[in-house]
file structure_20.cif (mmCIF, C-alpha atoms)
data_run
#
loop_
_atom_site.label_atom_id
_atom_site.label_comp_id
_atom_site.auth_asym_id
_atom_site.auth_seq_id
_atom_site.Cartn_x
_atom_site.Cartn_y
_atom_site.Cartn_z
CA MET B 1 32.50 -5.35 47.61
CA SER B 2 34.12 -7.02 50.54
CA LYS B 3 37.80 -7.68 51.11
CA ALA B 4 39.31 -10.24 53.47
CA ASN B 5 40.91 -9.18 56.76
CA LEU B 6 39.26 -5.77 56.94
CA LEU B 7 37.22 -4.88 59.99
CA ASP B 8 33.44 -4.95 60.11
CA ARG B 9 32.29 -1.37 60.73
CA ARG B 10 29.50 -2.33 63.11
CA ARG B 11 31.87 -4.36 65.28
CA VAL B 12 34.27 -1.41 65.33
CA VAL B 13 31.61 1.07 66.42
CA SER B 14 30.14 -1.35 68.97
CA ALA B 15 33.60 -1.76 70.48
CA LEU B 16 34.17 2.00 70.52
CA LEU B 17 30.87 2.70 72.29
CA ALA B 18 30.52 -0.41 74.47
CA ASP B 19 31.68 1.42 77.58
CA ARG B 20 30.88 4.99 76.54
CA LYS B 21 29.76 6.18 79.99
CA GLU B 22 29.03 9.93 79.82
CA ALA B 23 30.43 10.44 76.33
CA LEU B 24 28.74 12.62 73.71
CA VAL B 25 28.86 11.03 70.26
CA VAL B 26 28.58 12.79 66.90
CA GLY B 27 27.87 10.60 63.87
CA GLY B 28 28.86 11.85 60.42
CA LEU B 29 26.48 11.77 57.46
CA GLY B 30 26.03 8.37 55.91
CA ALA B 31 26.85 4.94 57.19
CA ALA B 32 28.58 6.24 60.33
CA THR B 33 25.22 7.52 61.58
CA TYR B 34 23.66 4.09 60.92
CA ASP B 35 26.54 2.38 62.73
CA ILE B 36 26.04 4.52 65.82
CA ALA B 37 22.31 3.85 65.75
CA ALA B 38 23.04 0.13 65.38
CA ALA B 39 25.19 0.26 68.51
CA GLY B 40 22.13 1.47 70.42
CA ASP B 41 20.09 4.66 70.41
CA HIS B 42 21.25 7.08 73.09
CA ALA B 43 20.22 10.57 74.22
CA ARG B 44 23.83 11.67 73.80
CA ASN B 45 24.03 10.68 70.13
CA LEU B 46 24.00 13.55 67.65
CA TYR B 47 23.11 11.88 64.36
CA LEU B 48 23.84 13.81 61.18
CA TRP B 49 21.79 13.16 58.05
CA GLY B 50 23.32 16.02 56.10
CA ALA B 51 25.88 18.81 56.60
CA MET B 52 28.55 16.77 54.86
CA GLY B 53 31.94 17.91 56.09
CA GLY B 54 30.54 19.33 59.32
CA ALA B 55 30.92 16.46 61.79
CA VAL B 56 34.32 17.46 63.13
CA MET B 57 33.31 21.07 63.65
CA ILE B 58 30.06 20.18 65.40
CA GLY B 59 32.09 17.95 67.68
CA LEU B 60 34.58 20.74 68.30
CA GLY B 61 31.87 23.19 69.36
CA LEU B 62 30.46 20.55 71.70
CA ALA B 63 33.89 19.68 73.12
CA LEU B 64 34.71 23.32 73.86
CA ALA B 65 31.33 23.82 75.55
CA GLN B 66 31.59 20.63 77.67
CA PRO B 67 35.32 20.23 78.38
CA GLN B 68 34.77 17.75 81.22
CA LEU B 69 32.95 15.22 79.02
CA PRO B 70 34.44 12.95 76.36
CA VAL B 71 33.26 13.98 72.88
CA VAL B 72 33.61 11.32 70.20
CA ILE B 73 33.16 11.99 66.50
CA ILE B 74 32.66 8.95 64.31
CA THR B 75 32.54 9.62 60.59
CA GLY B 76 33.53 8.25 57.21
CA ASP B 77 36.46 9.00 54.93
CA GLY B 78 34.33 10.88 52.39
CA GLU B 79 32.75 13.08 55.04
CA MET B 80 36.17 13.72 56.59
CA LEU B 81 37.70 14.64 53.23
CA MET B 82 35.03 17.29 52.70
CA GLY B 83 35.83 18.93 56.03
CA MET B 84 39.59 18.49 56.26
CA GLY B 85 40.07 22.13 57.22
CA GLY B 86 38.32 21.27 60.47
CA LEU B 87 41.35 19.18 61.44
CA ALA B 88 43.50 22.31 61.22
CA THR B 89 40.97 24.16 63.38
CA VAL B 90 40.96 21.31 65.93
CA GLY B 91 44.77 21.21 65.87
CA LEU B 92 44.81 24.89 66.77
CA GLN B 93 42.20 24.67 69.57
CA LYS B 94 43.50 21.37 70.98
CA PRO B 95 40.40 20.31 72.93
CA ALA B 96 41.75 17.60 75.24
CA ASN B 97 38.36 15.84 75.50
CA LEU B 98 37.85 15.38 71.74
CA SER B 99 38.36 12.17 69.77
CA ILE B 100 37.89 11.81 66.02
CA ILE B 101 37.47 8.38 64.47
CA VAL B 102 37.29 7.93 60.71
CA LEU B 103 35.82 4.65 59.48
CA ASP B 104 37.81 4.40 56.28
CA ASN B 105 36.33 2.09 53.64
CA GLU B 106 38.17 4.02 50.90
CA CYS B 107 34.95 4.69 49.04
CA TYR B 108 31.63 6.52 48.98
CA GLY B 109 29.46 3.60 50.02
CA GLU B 110 26.19 5.54 50.18
CA THR B 111 26.37 6.64 46.54
CA GLY B 112 27.46 3.48 44.78
CA GLY B 113 30.92 2.72 46.11
CA GLN B 114 32.94 5.19 44.07
CA MET B 115 36.55 5.22 45.28
CA SER B 116 37.67 7.99 47.62
CA HIS B 117 41.05 9.69 47.78
CA THR B 118 42.11 7.50 50.69
CA ALA B 119 42.07 4.44 48.40
CA ALA B 120 44.98 5.77 46.41
CA SER B 121 46.85 8.71 47.82
CA THR B 122 45.45 10.62 50.79
CA ASP B 123 46.76 9.73 54.25
CA LEU B 124 44.25 11.08 56.77
CA VAL B 125 46.41 10.12 59.75
CA GLY B 126 49.30 12.08 58.26
CA ILE B 127 47.01 15.04 57.65
CA ALA B 128 45.73 14.98 61.23
CA ARG B 129 49.29 14.88 62.54
CA ALA B 130 50.39 17.67 60.23
CA CYS B 131 47.46 19.76 61.51
CA GLY B 132 48.91 19.61 65.02
CA ILE B 133 46.97 16.63 66.40
CA GLN B 134 49.73 14.66 68.07
CA ASN B 135 47.74 11.70 69.36
CA VAL B 136 47.09 9.87 66.07
CA HIS B 137 46.52 6.22 65.23
CA ALA B 138 46.28 4.12 62.08
CA ILE B 139 44.17 1.13 63.16
CA SER B 140 43.56 -2.13 61.37
CA THR B 141 42.75 -4.70 64.09
CA LEU B 142 39.90 -5.10 66.57
CA GLY B 143 42.42 -5.30 69.41
CA GLU B 144 43.68 -1.85 68.51
CA VAL B 145 40.09 -0.58 68.35
CA GLU B 146 39.40 -1.92 71.86
CA ALA B 147 42.57 -0.39 73.24
CA PHE B 148 41.75 2.94 71.62
CA ALA B 149 38.17 2.80 72.96
CA LYS B 150 39.51 2.80 76.53
CA THR B 151 41.40 6.04 75.90
CA LEU B 152 38.26 7.93 74.82
CA GLN B 153 37.36 8.47 78.48
CA ASP B 154 40.57 10.37 79.15
CA VAL B 155 39.55 14.00 78.72
CA ALA B 156 43.06 15.30 79.36
CA ALA B 157 45.03 13.61 76.57
CA GLY B 158 43.28 14.69 73.38
CA PRO B 159 42.64 15.71 70.81
CA ARG B 160 43.14 12.27 69.35
CA PHE B 161 42.54 10.98 65.85
CA ALA B 162 42.19 7.44 64.54
CA SER B 163 41.65 6.10 61.07
CA VAL B 164 40.22 2.60 61.14
CA LYS B 165 40.39 0.68 57.89
CA ILE B 166 37.09 -1.14 57.45
CA ASP B 167 35.40 -3.46 55.02
CA SER B 168 33.45 -1.60 52.33
CA ALA B 169 30.41 -3.89 52.50
CA ASN B 170 27.14 -1.95 52.53
CA LEU B 171 25.22 -3.16 55.57
CA GLU B 172 21.53 -2.87 56.27
CA ARG B 173 20.69 0.68 57.29
CA VAL B 174 19.76 1.20 60.91
CA LEU B 175 17.76 4.41 60.91
CA SER B 176 17.94 6.87 63.78
CA SER B 177 15.54 9.76 64.19
CA ARG B 178 15.91 12.29 61.36
CA ASP B 179 14.38 15.13 63.37
CA GLY B 180 17.35 17.39 64.07
CA ASN B 181 15.56 19.52 66.62
CA PHE B 182 14.46 16.46 68.58
CA ILE B 183 17.97 14.98 68.52
CA LEU B 184 19.53 18.28 69.57
CA ASN B 185 17.14 18.96 72.42
CA ARG B 186 17.29 15.38 73.66
CA LEU B 187 21.07 15.73 73.89
CA ARG B 188 20.73 19.09 75.64
CA GLY B 189 18.25 17.56 78.04
CA SER B 190 20.77 14.86 78.94
CA LEU B 191 23.14 17.67 79.95
CA GLY B 192 20.49 19.38 82.07
CA LEU B 193 19.96 22.12 79.48
CA ASN B 194 16.52 23.32 78.48
CA PRO B 195 15.21 23.49 74.93
CA MET B 196 15.28 27.03 73.52
CA MET Y 197 37.46 58.81 51.43
CA HIS Y 198 36.62 55.82 53.47
CA ALA Y 199 40.03 54.39 54.06
CA ARG Y 200 40.11 51.19 55.99
CA ALA Y 201 41.99 49.90 58.99
CA ASP Y 202 45.08 52.05 58.68
CA THR Y 203 43.67 55.47 59.51
CA ALA Y 204 43.43 56.99 62.94
CA ALA Y 205 39.67 57.38 62.50
CA GLU Y 206 39.26 53.65 61.91
CA GLN Y 207 41.41 52.72 64.87
CA ALA Y 208 39.33 54.96 67.06
CA ALA Y 209 35.97 53.68 65.82
CA SER Y 210 33.78 52.90 68.78
CA TRP Y 211 31.22 50.65 67.08
CA PRO Y 212 33.40 47.49 67.26
CA ASN Y 213 33.58 48.03 71.02
CA GLU Y 214 29.83 48.45 71.11
CA ILE Y 215 29.40 45.14 69.28
CA PHE Y 216 31.75 43.50 71.77
CA ALA Y 217 29.69 44.88 74.66
CA VAL Y 218 26.48 43.47 73.13
CA LEU Y 219 28.09 40.06 72.73
CA GLN Y 220 29.21 40.19 76.36
CA ARG Y 221 25.72 41.10 77.49
CA PHE Y 222 24.26 38.12 75.62
CA GLU Y 223 26.87 35.83 77.17
CA VAL Y 224 28.37 34.79 73.86
CA ARG Y 225 31.18 32.31 74.47
CA GLN Y 226 32.38 30.91 71.14
CA VAL Y 227 33.37 33.31 68.38
CA PRO Y 228 34.45 31.49 65.22
CA TYR Y 229 35.82 33.77 62.52
CA VAL Y 230 37.57 34.11 59.20
CA PRO Y 231 39.49 37.39 59.50
CA ASP Y 232 38.43 40.55 57.74
CA ALA Y 233 39.95 44.00 58.12
CA GLY Y 234 36.53 45.33 59.07
CA HIS Y 235 36.33 42.87 61.96
CA SER Y 236 39.94 43.32 63.12
CA GLN Y 237 39.15 45.47 66.15
CA LEU Y 238 36.36 43.17 67.32
CA ILE Y 239 38.49 40.06 66.80
CA ALA Y 240 41.26 41.61 68.90
CA ARG Y 241 38.76 42.30 71.70
CA VAL Y 242 37.44 38.73 71.54
CA LEU Y 243 40.91 37.18 71.61
CA ALA Y 244 41.83 39.32 74.62
CA SER Y 245 38.66 38.41 76.49
CA PRO Y 246 38.80 35.68 79.14
CA GLY Y 247 35.08 34.94 78.74
CA MET Y 248 35.05 34.45 74.98
CA ARG Y 249 36.95 32.04 72.81
CA GLY Y 250 37.98 33.33 69.40
CA ILE Y 251 38.22 30.39 67.01
CA PRO Y 252 40.00 30.98 63.69
CA LEU Y 253 38.51 28.90 60.87
CA THR Y 254 39.91 27.71 57.56
CA THR Y 255 36.55 28.36 55.86
CA GLU Y 256 33.35 30.01 57.02
CA GLU Y 257 31.10 26.94 56.83
CA GLU Y 258 33.11 25.46 59.68
CA GLY Y 259 31.69 28.20 61.87
CA VAL Y 260 28.06 27.31 61.15
CA ALA Y 261 28.72 23.71 62.18
CA LEU Y 262 30.72 24.80 65.24
CA LEU Y 263 27.81 26.87 66.51
CA VAL Y 264 25.53 23.80 66.42
CA GLY Y 265 27.94 21.99 68.70
CA ALA Y 266 28.32 25.01 70.94
CA PHE Y 267 24.55 25.27 71.42
CA ALA Y 268 24.21 21.52 71.93
CA GLY Y 269 26.74 21.93 74.74
CA GLY Y 270 25.03 24.97 76.25
CA GLN Y 271 27.06 27.87 74.85
CA ARG Y 272 26.09 30.74 72.59
CA GLY Y 273 28.23 31.75 69.66
CA VAL Y 274 28.49 34.22 66.82
CA LEU Y 275 30.17 33.80 63.43
CA LEU Y 276 32.29 36.67 62.11
CA MET Y 277 33.04 36.76 58.41
CA GLN Y 278 33.27 38.85 55.26
CA SER Y 279 30.57 38.85 52.57
CA SER Y 280 32.67 36.58 50.32
CA GLY Y 281 32.45 33.89 52.98
CA VAL Y 282 28.67 33.76 52.96
CA GLY Y 283 28.68 31.76 49.73
CA ASN Y 284 30.92 29.19 51.39
CA CYS Y 285 28.24 28.57 54.02
CA ILE Y 286 25.22 27.78 51.86
CA ASN Y 287 24.75 24.05 52.47
CA MET Y 288 25.78 24.27 56.11
CA LEU Y 289 23.11 26.93 56.69
CA SER Y 290 20.60 24.06 56.34
CA LEU Y 291 21.48 23.34 59.95
CA THR Y 292 19.66 26.49 61.08
CA GLN Y 293 16.40 24.97 59.83
CA VAL Y 294 17.08 21.33 60.69
CA PHE Y 295 18.26 21.93 64.26
CA ARG Y 296 16.50 25.25 64.91
CA PHE Y 297 19.43 26.48 66.95
CA PRO Y 298 20.15 30.16 67.61
CA PHE Y 299 22.29 31.39 64.72
CA LEU Y 300 23.85 34.85 64.59
CA THR Y 301 26.47 36.07 62.16
CA LEU Y 302 28.06 39.49 61.68
CA VAL Y 303 29.20 40.08 58.12
CA THR Y 304 31.48 42.85 56.93
CA MET Y 305 30.51 43.86 53.42
CA ARG Y 306 32.72 44.10 50.35
CA GLY Y 307 31.71 44.66 46.76
CA GLU Y 308 29.63 47.80 47.36
CA TRP Y 309 29.99 51.51 48.22
CA GLY Y 310 33.11 52.56 46.34
CA GLU Y 311 34.60 49.08 45.88
CA PHE Y 312 37.91 49.00 43.97
CA ASN Y 313 38.16 45.25 43.38
CA PRO Y 314 35.69 43.82 40.85
CA TRP Y 315 36.26 40.30 42.21
CA GLN Y 316 34.42 41.29 45.39
CA VAL Y 317 31.32 42.52 43.60
CA PRO Y 318 29.49 39.31 42.56
CA MET Y 319 29.34 37.75 46.03
CA GLY Y 320 28.88 41.10 47.74
CA SER Y 321 25.92 41.81 45.49
CA SER Y 322 24.23 38.50 46.29
CA THR Y 323 25.07 38.25 49.99
CA GLN Y 324 21.68 39.40 51.28
CA ALA Y 325 19.71 37.36 48.73
CA ALA Y 326 21.78 34.26 49.48
CA PHE Y 327 21.04 34.55 53.20
CA GLU Y 328 17.35 35.10 52.55
CA LEU Y 329 17.16 32.08 50.22
CA CYS Y 330 18.63 30.04 53.07
CA GLY Y 331 16.06 31.28 55.57
CA VAL Y 332 18.33 33.71 57.39
CA ARG Y 333 16.88 37.14 58.25
CA VAL Y 334 19.07 40.07 57.31
CA LEU Y 335 19.56 43.35 59.17
CA ARG Y 336 21.96 46.05 58.01
CA ALA Y 337 23.96 48.78 59.71
CA SER Y 338 25.40 51.55 57.57
CA HIS Y 339 26.21 54.27 60.09
CA PRO Y 340 28.24 54.12 63.30
CA ALA Y 341 25.38 55.44 65.41
CA GLU Y 342 23.06 52.55 64.50
CA VAL Y 343 25.46 49.62 64.92
CA ARG Y 344 24.77 48.98 68.57
CA GLU Y 345 21.00 48.86 68.28
CA VAL Y 346 21.04 46.78 65.10
CA VAL Y 347 23.40 44.18 66.60
CA GLU Y 348 21.39 44.19 69.81
CA ALA Y 349 18.15 43.57 67.91
CA ALA Y 350 19.81 40.82 65.88
CA ALA Y 351 21.20 39.11 68.97
CA ALA Y 352 17.84 39.33 70.71
CA GLN Y 353 15.88 37.74 67.86
CA ALA Y 354 18.57 35.11 67.25
CA TYR Y 355 19.02 34.02 70.86
CA ASN Y 356 15.54 34.67 72.23
CA ALA Y 357 13.31 33.89 69.25
CA CYS Y 358 15.63 31.39 67.56
CA THR Y 359 15.45 33.38 64.34
CA PRO Y 360 18.58 32.83 62.26
CA THR Y 361 19.93 36.33 61.70
CA ALA Y 362 22.74 38.02 59.82
CA VAL Y 363 23.86 41.60 60.34
CA LEU Y 364 25.49 43.15 57.30
CA LEU Y 365 27.99 45.81 58.33
CA SER Y 366 28.03 48.04 55.27
CA GLN Y 367 31.16 48.99 53.44
CA ARG Y 368 29.90 52.54 53.94
CA LEU Y 369 30.36 51.97 57.68
CA ILE Y 370 33.70 50.24 57.45
CA GLY Y 371 35.17 52.26 54.62
CA ALA Y 372 36.11 50.94 51.20
CA LYS Y 373 39.55 49.36 51.18
CA GLU Y 374 42.14 51.64 49.59
CA PHE Y 375 44.47 49.99 47.09
CA THR Y 376 46.01 53.19 45.72
CA LYS Y 377 46.68 56.55 47.26
#

call {"tool": "encode", "arguments": {"input": "structure_20.cif", "output": "structure tokens"}}
result
Amino acid sequence: MSKANLLDRRRVVSALLADRKEALVVGGLGAATYDIAAAGDHARNLYLWGAMGGAVMIGLGLALAQPQLPVVIITGDGEMLMGMGGLATVGLQKPANLSIIVLDNECYGETGGQMSHTAASTDLVGIARACGIQNVHAISTLGEVEAFAKTLQDVAAGPRFASVKIDSANLERVLSSRDGNFILNRLRGSLGLNPM
Amino acid sequence: MHARADTAAEQAASWPNEIFAVLQRFEVRQVPYVPDAGHSQLIARVLASPGMRGIPLTTEEEGVALLVGAFAGGQRGVLLMQSSGVGNCINMLSLTQVFRFPFLTLVTMRGEWGEFNPWQVPMGSSTQAAFELCGVRVLRASHPAEVREVVEAAAAQAYNACTPTAVLLSQRLIGAKEFTK
């Protein structure tokens, strides 16, 4: 189901990653992973096809290990809701190079469009702020997305969190590799690290 | 009795320091944890160490995911938790097979060896089986003298052979928690 005036998720992710430079990008389970693949396969994309609720924590481990590089987590509202405790852990560690973007369609699009908590009552931006993440944004226009995208490169001003309200239309899946070990070692290779 | 944490004997235990030394030798950098009394001495060492980052979690599964990111970024980590937390990790442990990253966890046991609290027994009794169902190898240390070599072996097979490994630190080693005198 599609509502007027809500952003197209692929345009949002394309805008976020258009000038990604050296950034490492973690895609949460579900449509967020397809969106990142649709924006262009990249050695520094860590696509998740499972581990629901783990995207933020995987990004945190990466951000702490590579503090000089921007780390960008792009995930959905359902995936974020399952791992909300990770926002408290990020708020405590305060990695300045970490950015979390939730593509909020207010539903579980991958499983039939059942409504999520953000449709009615849960305010993820408020939760992020209350967890100690001070740089938070509630985004609803492409202009705001583009302005936010520029800030991702600043590895001294995070952690930052943005919730972007998007259209709930189910788009054609763009499938990345599903081989976790390949994806992981390709990313490590891009950092000059050897496979195990 | 095996009183826990508040006796002079516990404070003087040397095995937590030996674990810390093993982690230093293996260049472990990220140490996510959910606190447990049995890990308190080791956690204090980690938090005081300039080379390691202690990372308090809200739930143990966060630590499994964190260690994927750490390895992707070139750092080793170890997850510290209590046996009750192992059940919280089940789905996230899939990552050890999907990514084949080096996974090491040190688990303080409850629900065995003179346990007072029946609520600890179900998860404590299934901790080892749960790990093994998830493809994680389990080693156990029950006596102070064996802790160093068991943790060293676990770290070696986790980091060198990429074998997901858990060390269970027995309640016999730690001492059953005393609720009444």

call {"tool": "resolve_selection", "arguments": {"input": "structure_20.cif", "expression": "the PyMOL selection byres ((chain B) within 9 of (chain Y))", "output": "ChimeraX atom specification"}}
result
/B:50-66,83,85-86,88-89,92-93,179-185,187-188,191,193-194,196

call {"tool": "atom_distance", "arguments": {"input": "structure_20.cif", "atom1": "CA of Gly310 (chain Y)", "atom2": "CA of Pro340 (chain Y)"}}
result
17.7 Å

call {"tool": "resolve_selection", "arguments": {"input": "structure_20.cif", "expression": "the PyMOL selection byres ((chain B and resi 71) around 6)", "output": "ChimeraX atom specification"}}
result
/B:23-25,63,70,72,98

call {"tool": "atom_distance", "arguments": {"input": "structure_20.cif", "atom1": "CA of Leu7 (chain B)", "atom2": "CA of Ala138 (chain B)"}}
result
12.9 Å

call {"tool": "resolve_selection", "arguments": {"input": "structure_20.cif", "expression": "the PyMOL selection byres ((chain Y and resi 334) around 6)", "output": "list in words"}}
result
Arg333, Leu335, Thr361, Ala362 and Val363 of chain Y

call {"tool": "residues_around", "arguments": {"input": "structure_20.cif", "residues": "region 207-221 of chain Y", "least_positions_apart": "3", "cutoff": "10 Å", "atoms": "only C-alpha atoms", "output": "compact mmCIF listing (two decimals) with C-alpha atoms, in the frame of the given file"}}
result
# COMPACT_ATOMS: atom_id res chain seq x y z
CA ARG Y 200 40.11 51.19 55.99
CA ALA Y 201 41.99 49.90 58.99
CA ASP Y 202 45.08 52.05 58.68
CA THR Y 203 43.67 55.47 59.51
CA ALA Y 204 43.43 56.99 62.94
CA VAL Y 224 28.37 34.79 73.86
CA ARG Y 225 31.18 32.31 74.47
CA VAL Y 227 33.37 33.31 68.38
CA GLY Y 234 36.53 45.33 59.07
CA HIS Y 235 36.33 42.87 61.96
CA SER Y 236 39.94 43.32 63.12
CA GLN Y 237 39.15 45.47 66.15
CA LEU Y 238 36.36 43.17 67.32
CA ILE Y 239 38.49 40.06 66.80
CA ALA Y 240 41.26 41.61 68.90
CA ARG Y 241 38.76 42.30 71.70
CA VAL Y 242 37.44 38.73 71.54
CA SER Y 245 38.66 38.41 76.49
CA GLY Y 247 35.08 34.94 78.74
CA MET Y 248 35.05 34.45 74.98
CA ARG Y 272 26.09 30.74 72.59
CA GLY Y 273 28.23 31.75 69.66
CA VAL Y 274 28.49 34.22 66.82
CA LEU Y 302 28.06 39.49 61.68
CA HIS Y 339 26.21 54.27 60.09
CA PRO Y 340 28.24 54.12 63.30
CA ALA Y 341 25.38 55.44 65.41
CA GLU Y 342 23.06 52.55 64.50
CA VAL Y 343 25.46 49.62 64.92
CA ARG Y 344 24.77 48.98 68.57
CA GLU Y 345 21.00 48.86 68.28
CA VAL Y 346 21.04 46.78 65.10
CA VAL Y 347 23.40 44.18 66.60
CA GLU Y 348 21.39 44.19 69.81
CA ALA Y 349 18.15 43.57 67.91
CA ALA Y 351 21.20 39.11 68.97
CA ALA Y 352 17.84 39.33 70.71
CA LEU Y 369 30.36 51.97 57.68
CA ILE Y 370 33.70 50.24 57.45

call {"tool": "residues_around", "arguments": {"input": "structure_20.cif", "residues": "Tyr34 (chain B)", "least_positions_apart": "6", "cutoff": "9 Å", "atoms": "only C-alpha atoms", "output": "PDB file with C-alpha atoms, keeping the file's coordinate frame"}}
result
ATOM      1  CA  ARG B  10      29.500  -2.330  63.110  1.00  0.00           C
ATOM      2  CA  GLY B  27      27.870  10.600  63.870  1.00  0.00           C
ATOM      3  CA  TYR B  47      23.110  11.880  64.360  1.00  0.00           C
ATOM      4  CA  GLU B 172      21.530  -2.870  56.270  1.00  0.00           C
ATOM      5  CA  ARG B 173      20.690   0.680  57.290  1.00  0.00           C
ATOM      6  CA  VAL B 174      19.760   1.200  60.910  1.00  0.00           C
ATOM      7  CA  LEU B 175      17.760   4.410  60.910  1.00  0.00           C
ATOM      8  CA  SER B 176      17.940   6.870  63.780  1.00  0.00           C
TER       9      SER B 176
END

call {"tool": "residues_around", "arguments": {"input": "structure_20.cif", "residues": "region 315-320 of chain Y", "least_positions_apart": "4", "cutoff": "6 Å", "atoms": "only C-alpha atoms", "output": "list in words"}}
result
Ser279, Ser280, Arg306 and Gly307 of chain Y

call {"tool": "residues_around", "arguments": {"input": "structure_20.cif", "residues": "Arg160 (chain B)", "least_positions_apart": "5", "cutoff": "12 Å", "atoms": "only C-alpha atoms", "output": "MDAnalysis selection string"}}
result
chainID B and resid 56 70:73 87 90:91 94:102 125 128:129 131:138 148:149 151:155

call {"tool": "decode", "arguments": {"input": "structure_20.cif", "residues": "region 315-331 of chain Y", "atoms": "N, CA and C atoms", "output": "short mmCIF file (atom, residue, chain, number, x, y, z; two decimals), in the first residue's frame"}}
result
data_model
loop_
_atom_site.label_atom_id
_atom_site.label_comp_id
_atom_site.auth_asym_id
_atom_site.auth_seq_id
_atom_site.Cartn_x
_atom_site.Cartn_y
_atom_site.Cartn_z
N TRP Y 315 15.43 -20.97 39.81
CA TRP Y 315 15.20 -20.27 38.54
C TRP Y 315 16.44 -20.31 37.65
N GLN Y 316 17.60 -20.57 38.25
CA GLN Y 316 18.84 -20.65 37.46
C GLN Y 316 19.04 -22.02 36.84
N VAL Y 317 18.31 -23.02 37.34
CA VAL Y 317 18.64 -24.39 36.97
C VAL Y 317 18.27 -24.75 35.53
N PRO Y 318 17.09 -24.39 35.03
CA PRO Y 318 16.76 -24.82 33.66
C PRO Y 318 17.77 -24.36 32.62
N MET Y 319 18.12 -23.09 32.59
CA MET Y 319 19.05 -22.62 31.56
C MET Y 319 20.46 -23.12 31.84
N GLY Y 320 20.82 -23.16 33.13
CA GLY Y 320 22.15 -23.69 33.46
C GLY Y 320 22.31 -25.13 33.02
N SER Y 321 21.23 -25.89 33.12
CA SER Y 321 21.29 -27.31 32.76
C SER Y 321 21.37 -27.50 31.25
N SER Y 322 20.89 -26.54 30.48
CA SER Y 322 20.89 -26.72 29.02
C SER Y 322 21.92 -25.84 28.32
N THR Y 323 22.76 -25.17 29.08
CA THR Y 323 23.73 -24.25 28.48
C THR Y 323 24.65 -24.96 27.48
N GLN Y 324 25.25 -26.06 27.92
CA GLN Y 324 26.21 -26.75 27.03
C GLN Y 324 25.50 -27.31 25.81
N ALA Y 325 24.33 -27.93 26.02
CA ALA Y 325 23.60 -28.52 24.88
C ALA Y 325 23.16 -27.43 23.90
N ALA Y 326 22.75 -26.29 24.44
CA ALA Y 326 22.31 -25.19 23.57
C ALA Y 326 23.47 -24.73 22.68
N PHE Y 327 24.63 -24.54 23.27
CA PHE Y 327 25.80 -24.16 22.48
C PHE Y 327 26.07 -25.19 21.39
N GLU Y 328 26.05 -26.47 21.80
CA GLU Y 328 26.43 -27.52 20.84
C GLU Y 328 25.41 -27.61 19.71
N LEU Y 329 24.13 -27.40 20.02
CA LEU Y 329 23.11 -27.38 18.96
C LEU Y 329 23.38 -26.25 17.97
N CYS Y 330 23.97 -25.18 18.47
CA CYS Y 330 24.25 -24.01 17.61
C CYS Y 330 25.61 -24.10 16.95
N GLY Y 331 26.31 -25.20 17.12
CA GLY Y 331 27.59 -25.37 16.45
C GLY Y 331 28.77 -24.75 17.17
#
